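Beneath this line is the structure, given in structure tokens, with notes to follow.
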Amino acid sequence: MAPTPALNPALARITERIIARSAPTRRAYLARVARAAEEGPARAHLACSNQAHAYAGAGEDQQRLAEGRAPNLGIVTAYNDMLSAHRPYETYPELIRQTARESGATAQVAGGVPAMCDGVTQGTDGMELSLFSREAIALAASVALSHNTFDAALYLGICDKIVPGLVIAAATFGHIPAVFVPAGPMTSGLPNDEKARIRQAYAAGEIGRAELMAAEMAAYHGPGTCTFYGTANSNQMLMEIMGLHLPGASFVNPDTPLRAALTRAATRRAIAMTALAGTALPVARILSEKAFVNGMVGLMATGGSTNLVLHLPAMARAAGIVLTLEDFADISEITPLIARVYPNGLADVNAFHAAGGMGWLVGELLEAGLLHEDVETVAGKGLAAYTQEPKLAGENGDSGDNLHWQPAPRQALNDRILRPASDPFQPSGGLVRISGNLGRGVMKVSAVAPEHRLVEAPARVFDSQEAVRAAFRAGEFTGDVVVVVRFQGPHANGMPELHALTPVLSVLQGRGLRVALVTDGRMSGASGKIPAAIHLSPEAARGGPLARLRDGDLVRLDAEAGTLEVLAEGFEARPPAPFEAPPAHGLGRELFALFRAHAGSAETGASAILPEPPA
């Protein structure tokens with residue numbers, strides 16, 4: 001492609017301030033990584049008994065492992081056969097092992113990590129484990145790698161908390177190379193807009209459960225990620241634009257020859273990045289300040305999941321980098337929305353991929369000066385490689401030997417899905433920072449119609465989403481309303497998603513009411529047309545201002561101005577409502593009490609295992 005245009009000056013300034021802000025913690029992090037790299041894997045230094053334990057189950061690879069002269073890859077897998085997104089990973093370890101042997105190397109499953117599905121637990125007590133499953137995943141992956149016998153790692157994971165947890169672990173073991181290996185989205189089923197229509201009809205009592213179930217099964221029908229652009233697929237975009245996937249790997253369907261070829265190519269690339277191959281590329285070099293800026297740009301350009309506003313700061317902190325809500329807001333302001341994928345449009349990720357996909361997206365943003373090209377990636381130096389897409393030539397595609405990359409389309413094939421930066425769907429990105437006397441948070445606006453971005457209405461204050469649904473069933477919402485759901489933050493109850501409210505609020509908006517949601521909790525990565533100020537900090541359970549709200553208080557949410565205010569005299573002097581902790585037992589919640597007690601604020605990533613960034 002042509003020489004990369006000059007970087008947008010505003011993006012350069014944002015990057016420079018992140019680098020300056022992060023300098024002390026990044027410097028300390030890189031020093032730790034350098035010390036670990038000097039020591040190298042312990043495999044060659046283990047006592048014979050220790051080595052025998054490490055190789056006892058390795059079968060034909062035992063001798064090569066004992067010799068210690070060939071790279072050994074550690075596989076960290078989130079496989080389970082309940083989650084459609086992770087079901088394809090069942091066969092990956094054997095494919096990786098065989099590919100490694102063909103390249104003179106070895107591979108072992110270092111360990112597994114949990115992978116829960118928010119789609120299963122939405123609206124149930126199990127959702128209270130969801131956010132902190134990220135911490136459990138990071139810890140489990142660290143246990144897997146703590147044997148310190150690996151020259152590189154392959155991370156198999158896709159969905160909401162799995163990828164962020166794996167990235168935190170990869171950064172912690174930043175001295176070894178890492179390649180993230182996706183499994184791809186399921187083929188398209190029931191269109192997402194039809195699924196949403198049926199959910200709303202069920203919430204309104206117009207259809208029964210049988211019709212609802214038939215629609216849900218038609219939408220979620222096979223192996224792979226859900227096809228809407230929620231957190232799972234936002235993760236895949238992020239891993240590619242940050243250089244942790246091979247180019248074009250994110251949205252290839254499972255169980256296809258190209259998918260298998262990409263997995264084999266990822267294995268060979270991991271081997272080539274090891275110190276034993278003479279070209280060491282530790283993942284700490286890939287996880288740079290510029291890579292995280294590229295990730296934020298991709299998030300804004302595609303209208304990605306608000307959950308990443310929690311996860312990106314946590315991932316960055318693991319690499320010694322400090323991100324703030326101001327960074328997200330300022331990048332959003334200069335980044336045009338150039339992709340519309342459901343819930344921001346009607347297309348799913350398969351249609352996005354067919355219209356040009358990641359290769360087109362990266363090329364368009366590079367030409368607009370909105371990405372750092374001078375980064376290191378698993379494909380080598382420079383992001384330009386990610387303007388290409390993988391193809392198979394000839395037969396025997398599953399061998400991977402005929403895999404090659406060619407330039408992705410420079411003209412989008414469907415302008416209802418992809419638009420050039422010079423003529424975007426909207427001039428700024430999909431997320432805005434919200435602040436005012438009710439705290440600081442974020443709002444996803446890419447799917448919110450302009451006429452719904454300003455709501456001024458009386459508050460109805462609830463302490464749970466079930467209480468909101470009960471009020472809806474009782475017919476209590478008859479006028480414009482700002483629904484406030486508090487005590488939903490990370491310290492209160494683990495910050496469950498409140499996605500079960502989406503059909504209810506959509507019905508109210510469909511009746512012509514002006515409706516908004518305000519919460520210190522999370523919405524789904526697929527949150528859409530309802531204006532929702534979320535992640536409010538400080539959270540109510542720690543004395544945040546939401547704890548002082550009362551029914552009838554006039555609340556004004558203005559997404560265009562980025563403000564959230566309660567218009568009530570004497571509000572600041574009110575005593576906060578008491579926080580009544582939810583049940584601490586059941587479905588494993590008792591085991592996560594330590595995480596809730598030590599959770600950081602939402603605006604710094606809500607982590608319970610990473611230190612809060614310096615003030």
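In the structure tokens, chains take the letters A, B, ... in the order shown, each chain's residues start at 1, and ligands count up from 1 in the order shown.
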
Subject >> Backbone-only DSSP, strand (DSSP E or B) members of segment 237-442 of chain A, as an MDAnalysis selection string >> reply: chainID A and resid 337 339 376:377 380:381 388:392 403:407 418 426 431:436 439:442

Write the residues you've just listed into a file as a PDB file, in the first residue's frame, and include C-alpha atoms for each of them.
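The result, stored in part-v2.pdb:
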```
ATOM      1  CA  LEU A 337     -18.046   5.808  13.151  1.00  0.00           C
ATOM      2  CA  ALA A 339     -18.963   0.515  10.654  1.00  0.00           C
ATOM      3  CA  GLU A 376       5.047  -4.578  16.536  1.00  0.00           C
ATOM      4  CA  THR A 377       2.566  -7.373  15.935  1.00  0.00           C
ATOM      5  CA  GLY A 380       5.993  -8.639  12.370  1.00  0.00           C
ATOM      6  CA  LYS A 381       6.737  -4.924  12.349  1.00  0.00           C
ATOM      7  CA  GLN A 388      -4.448  -7.905   4.042  1.00  0.00           C
ATOM      8  CA  GLU A 389      -6.768 -10.890   4.285  1.00  0.00           C
ATOM      9  CA  PRO A 390      -5.987 -14.634   4.308  1.00  0.00           C
ATOM     10  CA  LYS A 391      -6.807 -16.879   1.381  1.00  0.00           C
ATOM     11  CA  LEU A 392      -6.299 -20.523   0.427  1.00  0.00           C
ATOM     12  CA  LEU A 403      -2.252 -20.162   3.012  1.00  0.00           C
ATOM     13  CA  HIS A 404      -1.347 -16.708   1.762  1.00  0.00           C
ATOM     14  CA  TRP A 405      -2.403 -13.129   2.308  1.00  0.00           C
ATOM     15  CA  GLN A 406      -3.588 -10.675  -0.307  1.00  0.00           C
ATOM     16  CA  PRO A 407      -4.730  -7.049  -0.119  1.00  0.00           C
ATOM     17  CA  LEU A 418     -18.931   0.178   6.017  1.00  0.00           C
ATOM     18  CA  GLN A 426     -21.426   9.843  12.183  1.00  0.00           C
ATOM     19  CA  LEU A 431     -18.879   6.164  23.106  1.00  0.00           C
ATOM     20  CA  VAL A 432     -19.050   9.365  25.125  1.00  0.00           C
ATOM     21  CA  ARG A 433     -17.905  10.208  28.632  1.00  0.00           C
ATOM     22  CA  ILE A 434     -20.688  11.291  30.975  1.00  0.00           C
ATOM     23  CA  SER A 435     -20.091  13.431  34.061  1.00  0.00           C
ATOM     24  CA  GLY A 436     -21.994  15.654  36.461  1.00  0.00           C
ATOM     25  CA  GLY A 439     -20.803  10.879  39.006  1.00  0.00           C
ATOM     26  CA  ARG A 440     -18.682   9.861  36.032  1.00  0.00           C
ATOM     27  CA  GLY A 441     -19.493   7.145  33.527  1.00  0.00           C
ATOM     28  CA  VAL A 442     -19.886   6.291  29.867  1.00  0.00           C
TER      29      VAL A 442
END
```

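Assigned to alpha helix (DSSP H) in segment 328-439 of chain A, given DSSP computed from backbone atoms, are A:Phe328, A:Ala329, A:Asp330, A:Ile331, A:Ser332, A:Glu333, A:Ile334, A:Val349, A:Asn350, A:Ala351, A:Phe352, A:His353, A:Ala354, A:Ala355, A:Gly357, A:Met358, A:Gly359, A:Trp360, A:Leu361, A:Val362, A:Gly363, A:Glu364, A:Leu365, A:Leu366, A:Glu367.
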
**OP:** For Ala347 of chain A, work out the shell of residues within 8 Å, counting only C-alpha atoms and skipping chain neighbours fewer than 6 positions away, then give it as a PyMOL selection string.
**Re:** chain A and resi 192+340-341+417

Subject >> Nearest-residue call for Arg522 of chain A, choices A:Pro545, A:Gly382, A:Gly68, A:Gly494, using only C-alpha atoms >> reply: A:Gly494

Using only C-alpha atoms, what table do you get, as a Markdown table, when you list each residue of segment 238-343 of chain A with an atom no more than 10 Å from segment 36-57 of chain A, its nearest pair of atoms, and their distance in Å rounded to one decimal, rows by chain then rising number?
```
| residue | atom | partner | partner_atom | distance |
| --- | --- | --- | --- | --- |
| A:Ala275 | CA | A:Gly40 | CA | 8.8 |
| A:Ala280 | CA | A:Ala37 | CA | 9.7 |
| A:Pro282 | CA | A:Ala37 | CA | 8.5 |
```

Take the residues from that selection and write them out as a PDB file, in the first residue's frame, keeping N, CA and C atoms.
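Dumped everything to part-v1.pdb:
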```
ATOM      1  N   ALA A 275      12.813 -17.159  21.449  1.00  0.00           N
ATOM      2  CA  ALA A 275      14.242 -16.885  21.537  1.00  0.00           C
ATOM      3  C   ALA A 275      15.048 -18.006  20.892  1.00  0.00           C
ATOM      4  N   ALA A 280      13.403 -13.438  18.979  1.00  0.00           N
ATOM      5  CA  ALA A 280      12.503 -13.293  20.120  1.00  0.00           C
ATOM      6  C   ALA A 280      11.647 -12.039  20.003  1.00  0.00           C
ATOM      7  N   PRO A 282       8.899 -10.878  22.538  1.00  0.00           N
ATOM      8  CA  PRO A 282       8.031 -11.012  23.714  1.00  0.00           C
ATOM      9  C   PRO A 282       6.784 -10.158  23.579  1.00  0.00           C
TER      10      PRO A 282
END
```

**OP:** Could you check how far atom CA of Gly430 of chain A sits from atom CA of Pro343 of chain A, in Å to one decimal?
**Re:** 11.6 Å

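Here atom CA of Pro427 of chain A and atom CA of Ala301 of chain A stand 9.7 Å from one another.
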
If we count only C-alpha atoms, what is near Pro191 of chain A at a cut-off of 10 Å, once residues fewer than 2 positions away on the same chain are taken out, given as a PDB file with C-alpha atoms, in the first residue's frame?
```
ATOM      1  CA  SER A 188     -25.745 -16.357  10.346  1.00  0.00           C
ATOM      2  CA  GLY A 189     -29.132 -17.435  11.663  1.00  0.00           C
ATOM      3  CA  ASP A 193     -33.366  -7.129  14.343  1.00  0.00           C
ATOM      4  CA  GLU A 194     -36.032  -9.851  14.114  1.00  0.00           C
ATOM      5  CA  LYS A 195     -34.692 -11.444  17.310  1.00  0.00           C
ATOM      6  CA  ALA A 196     -34.936  -8.071  19.076  1.00  0.00           C
ATOM      7  CA  ALA A 215     -36.629 -17.411  17.806  1.00  0.00           C
ATOM      8  CA  ALA A 218     -32.884 -19.889  15.420  1.00  0.00           C
ATOM      9  CA  ALA A 219     -30.558 -17.022  16.342  1.00  0.00           C
ATOM     10  CA  THR A 227     -23.044 -12.966  15.375  1.00  0.00           C
ATOM     11  CA  PHE A 228     -24.036  -9.590  16.839  1.00  0.00           C
ATOM     12  CA  TYR A 342     -25.940  -4.950  14.966  1.00  0.00           C
ATOM     13  CA  LEU A 346     -28.876  -4.496  10.808  1.00  0.00           C
ATOM     14  CA  ALA A 347     -25.798  -6.414   9.615  1.00  0.00           C
ATOM     15  CA  ASP A 348     -24.071  -9.124  11.645  1.00  0.00           C
TER      16      ASP A 348
END
```

Original post:
For Thr279 of chain A, which residue out of A:Asp151, A:Ala136, A:Asn402, A:Arg453 is the nearest one, using only C-alpha atoms?
Top reply: A:Asp151

Original post:
Which one is closest to Thr519 of chain A: A:His535, A:Arg410, A:Arg21, A:Arg134? Count only C-alpha atoms.
Top reply: A:His535

Original post:
Near Ala10 of chain A, counting only C-alpha atoms, which residues have an atom at most 10 Å away, once you skip same-chain residues fewer than 3 positions from it, shown as a PyMOL selection string?
Top reply: chain A and resi 7+13-16+330-331+333-334+370

Just the selected residues (C-alpha atoms), exported as a PDB file, in the first residue's frame, please.
```
ATOM      1  CA  LEU A   7      -0.819  10.691  12.113  1.00  0.00           C
ATOM      2  CA  ARG A  13      -1.147  14.293  21.519  1.00  0.00           C
ATOM      3  CA  ILE A  14      -3.395  11.763  23.244  1.00  0.00           C
ATOM      4  CA  THR A  15      -0.770   9.058  22.741  1.00  0.00           C
ATOM      5  CA  GLU A  16       1.988  11.293  24.073  1.00  0.00           C
ATOM      6  CA  ASP A 330     -10.992  12.309  23.377  1.00  0.00           C
ATOM      7  CA  ILE A 331     -10.343   9.421  20.985  1.00  0.00           C
ATOM      8  CA  GLU A 333     -14.308  12.738  19.523  1.00  0.00           C
ATOM      9  CA  ILE A 334     -11.779  12.444  16.673  1.00  0.00           C
ATOM     10  CA  LEU A 370      -6.071   7.390  12.936  1.00  0.00           C
TER      11      LEU A 370
END
```

**OP:** Could you give me, as a PyMOL selection string, the residues within 12 Å of Gly59 of chain A, counting only C-alpha atoms and dropping anything in the same chain fewer than 4 positions from it?
**Re:** chain A and resi 52+54-55+63-66+97+106-108

Limited to N, CA and C atoms, could you put the picked residues into a file as a PDB file, in the first residue's frame?
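Output saved as out.pdb:
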```pdb
ATOM      1  N   ALA A  52      10.967 -34.745  34.519  1.00  0.00           N
ATOM      2  CA  ALA A  52      10.199 -35.959  34.251  1.00  0.00           C
ATOM      3  C   ALA A  52       8.722 -35.746  34.508  1.00  0.00           C
ATOM      4  N   ALA A  54       7.192 -32.945  34.136  1.00  0.00           N
ATOM      5  CA  ALA A  54       6.690 -32.066  33.085  1.00  0.00           C
ATOM      6  C   ALA A  54       6.470 -32.795  31.769  1.00  0.00           C
ATOM      7  N   TYR A  55       7.213 -33.891  31.543  1.00  0.00           N
ATOM      8  CA  TYR A  55       7.169 -34.537  30.240  1.00  0.00           C
ATOM      9  C   TYR A  55       6.468 -35.897  30.257  1.00  0.00           C
ATOM     10  N   GLN A  63      11.103 -37.097  24.263  1.00  0.00           N
ATOM     11  CA  GLN A  63      12.540 -37.002  24.031  1.00  0.00           C
ATOM     12  C   GLN A  63      12.936 -35.602  23.580  1.00  0.00           C
ATOM     13  N   ARG A  64      12.151 -35.048  22.693  1.00  0.00           N
ATOM     14  CA  ARG A  64      12.466 -33.699  22.208  1.00  0.00           C
ATOM     15  C   ARG A  64      12.386 -32.688  23.344  1.00  0.00           C
ATOM     16  N   LEU A  65      11.418 -32.850  24.241  1.00  0.00           N
ATOM     17  CA  LEU A  65      11.325 -31.975  25.398  1.00  0.00           C
ATOM     18  C   LEU A  65      12.538 -32.149  26.314  1.00  0.00           C
ATOM     19  N   ALA A  66      12.944 -33.366  26.542  1.00  0.00           N
ATOM     20  CA  ALA A  66      14.068 -33.622  27.431  1.00  0.00           C
ATOM     21  C   ALA A  66      15.369 -33.038  26.878  1.00  0.00           C
ATOM     22  N   ARG A  97      -0.341 -29.336  18.282  1.00  0.00           N
ATOM     23  CA  ARG A  97       0.763 -30.262  18.564  1.00  0.00           C
ATOM     24  C   ARG A  97       1.354 -30.831  17.276  1.00  0.00           C
ATOM     25  N   THR A 106       7.580 -28.515  20.001  1.00  0.00           N
ATOM     26  CA  THR A 106       6.598 -29.256  20.791  1.00  0.00           C
ATOM     27  C   THR A 106       5.553 -28.287  21.316  1.00  0.00           C
ATOM     28  N   ALA A 107       4.410 -28.830  21.718  1.00  0.00           N
ATOM     29  CA  ALA A 107       3.336 -28.018  22.305  1.00  0.00           C
ATOM     30  C   ALA A 107       2.627 -28.842  23.356  1.00  0.00           C
ATOM     31  N   GLN A 108       2.281 -28.209  24.460  1.00  0.00           N
ATOM     32  CA  GLN A 108       1.555 -28.868  25.543  1.00  0.00           C
ATOM     33  C   GLN A 108       0.418 -27.962  25.997  1.00  0.00           C
TER      34      GLN A 108
END
```

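Between Tyr89 of chain A and the residues A:Pro409, A:Gly230, A:Pro164, A:Pro254, the shortest atom-to-atom distance, using only C-alpha atoms, involves A:Pro254.
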
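Of the residues listed (A:His372, A:Arg542, A:Lys444, A:Arg556), A:Arg556 shows the shortest atom-to-atom separation from Val481 of chain A; distances use only C-alpha atoms.
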
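Restricting the calculation to only C-alpha atoms, the smallest distance between Pro490 of chain A and any of A:Ala459, A:Leu131, A:Ala467, A:Leu365 is found for A:Leu131.
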
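The protein and nucleic acid residues lying at most 6 Å from Ala153 of chain A are Leu73, Gly74, Ile75 and Ala178 of chain A, with only C-alpha atoms considered and sequence neighbours fewer than 2 positions away removed.
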
Those residues you just picked out, can you put them in a file as a JSON list (two decimals), in the first residue's frame with N, CA and C atoms?
```json
[["chain", "number", "residue", "atom", "x", "y", "z"],
["A", 73, "LEU", "N", 5.72, -24.87, 23.13],
["A", 73, "LEU", "CA", 4.61, -23.93, 23.20],
["A", 73, "LEU", "C", 3.65, -24.34, 24.31],
["A", 74, "GLY", "N", 3.23, -23.38, 25.11],
["A", 74, "GLY", "CA", 2.21, -23.62, 26.12],
["A", 74, "GLY", "C", 0.85, -23.18, 25.60],
["A", 75, "ILE", "N", -0.11, -24.07, 25.63],
["A", 75, "ILE", "CA", -1.46, -23.76, 25.18],
["A", 75, "ILE", "C", -2.32, -23.48, 26.40],
["A", 178, "ALA", "N", 3.46, -14.37, 22.56],
["A", 178, "ALA", "CA", 2.07, -14.80, 22.70],
["A", 178, "ALA", "C", 1.34, -14.57, 21.39]]
```

**OP:** May I ask for the distance between atom CA of Ala270 of chain A and atom CA of Gly304 of chain A, given in Å to one decimal place?
**Re:** 28.3 Å
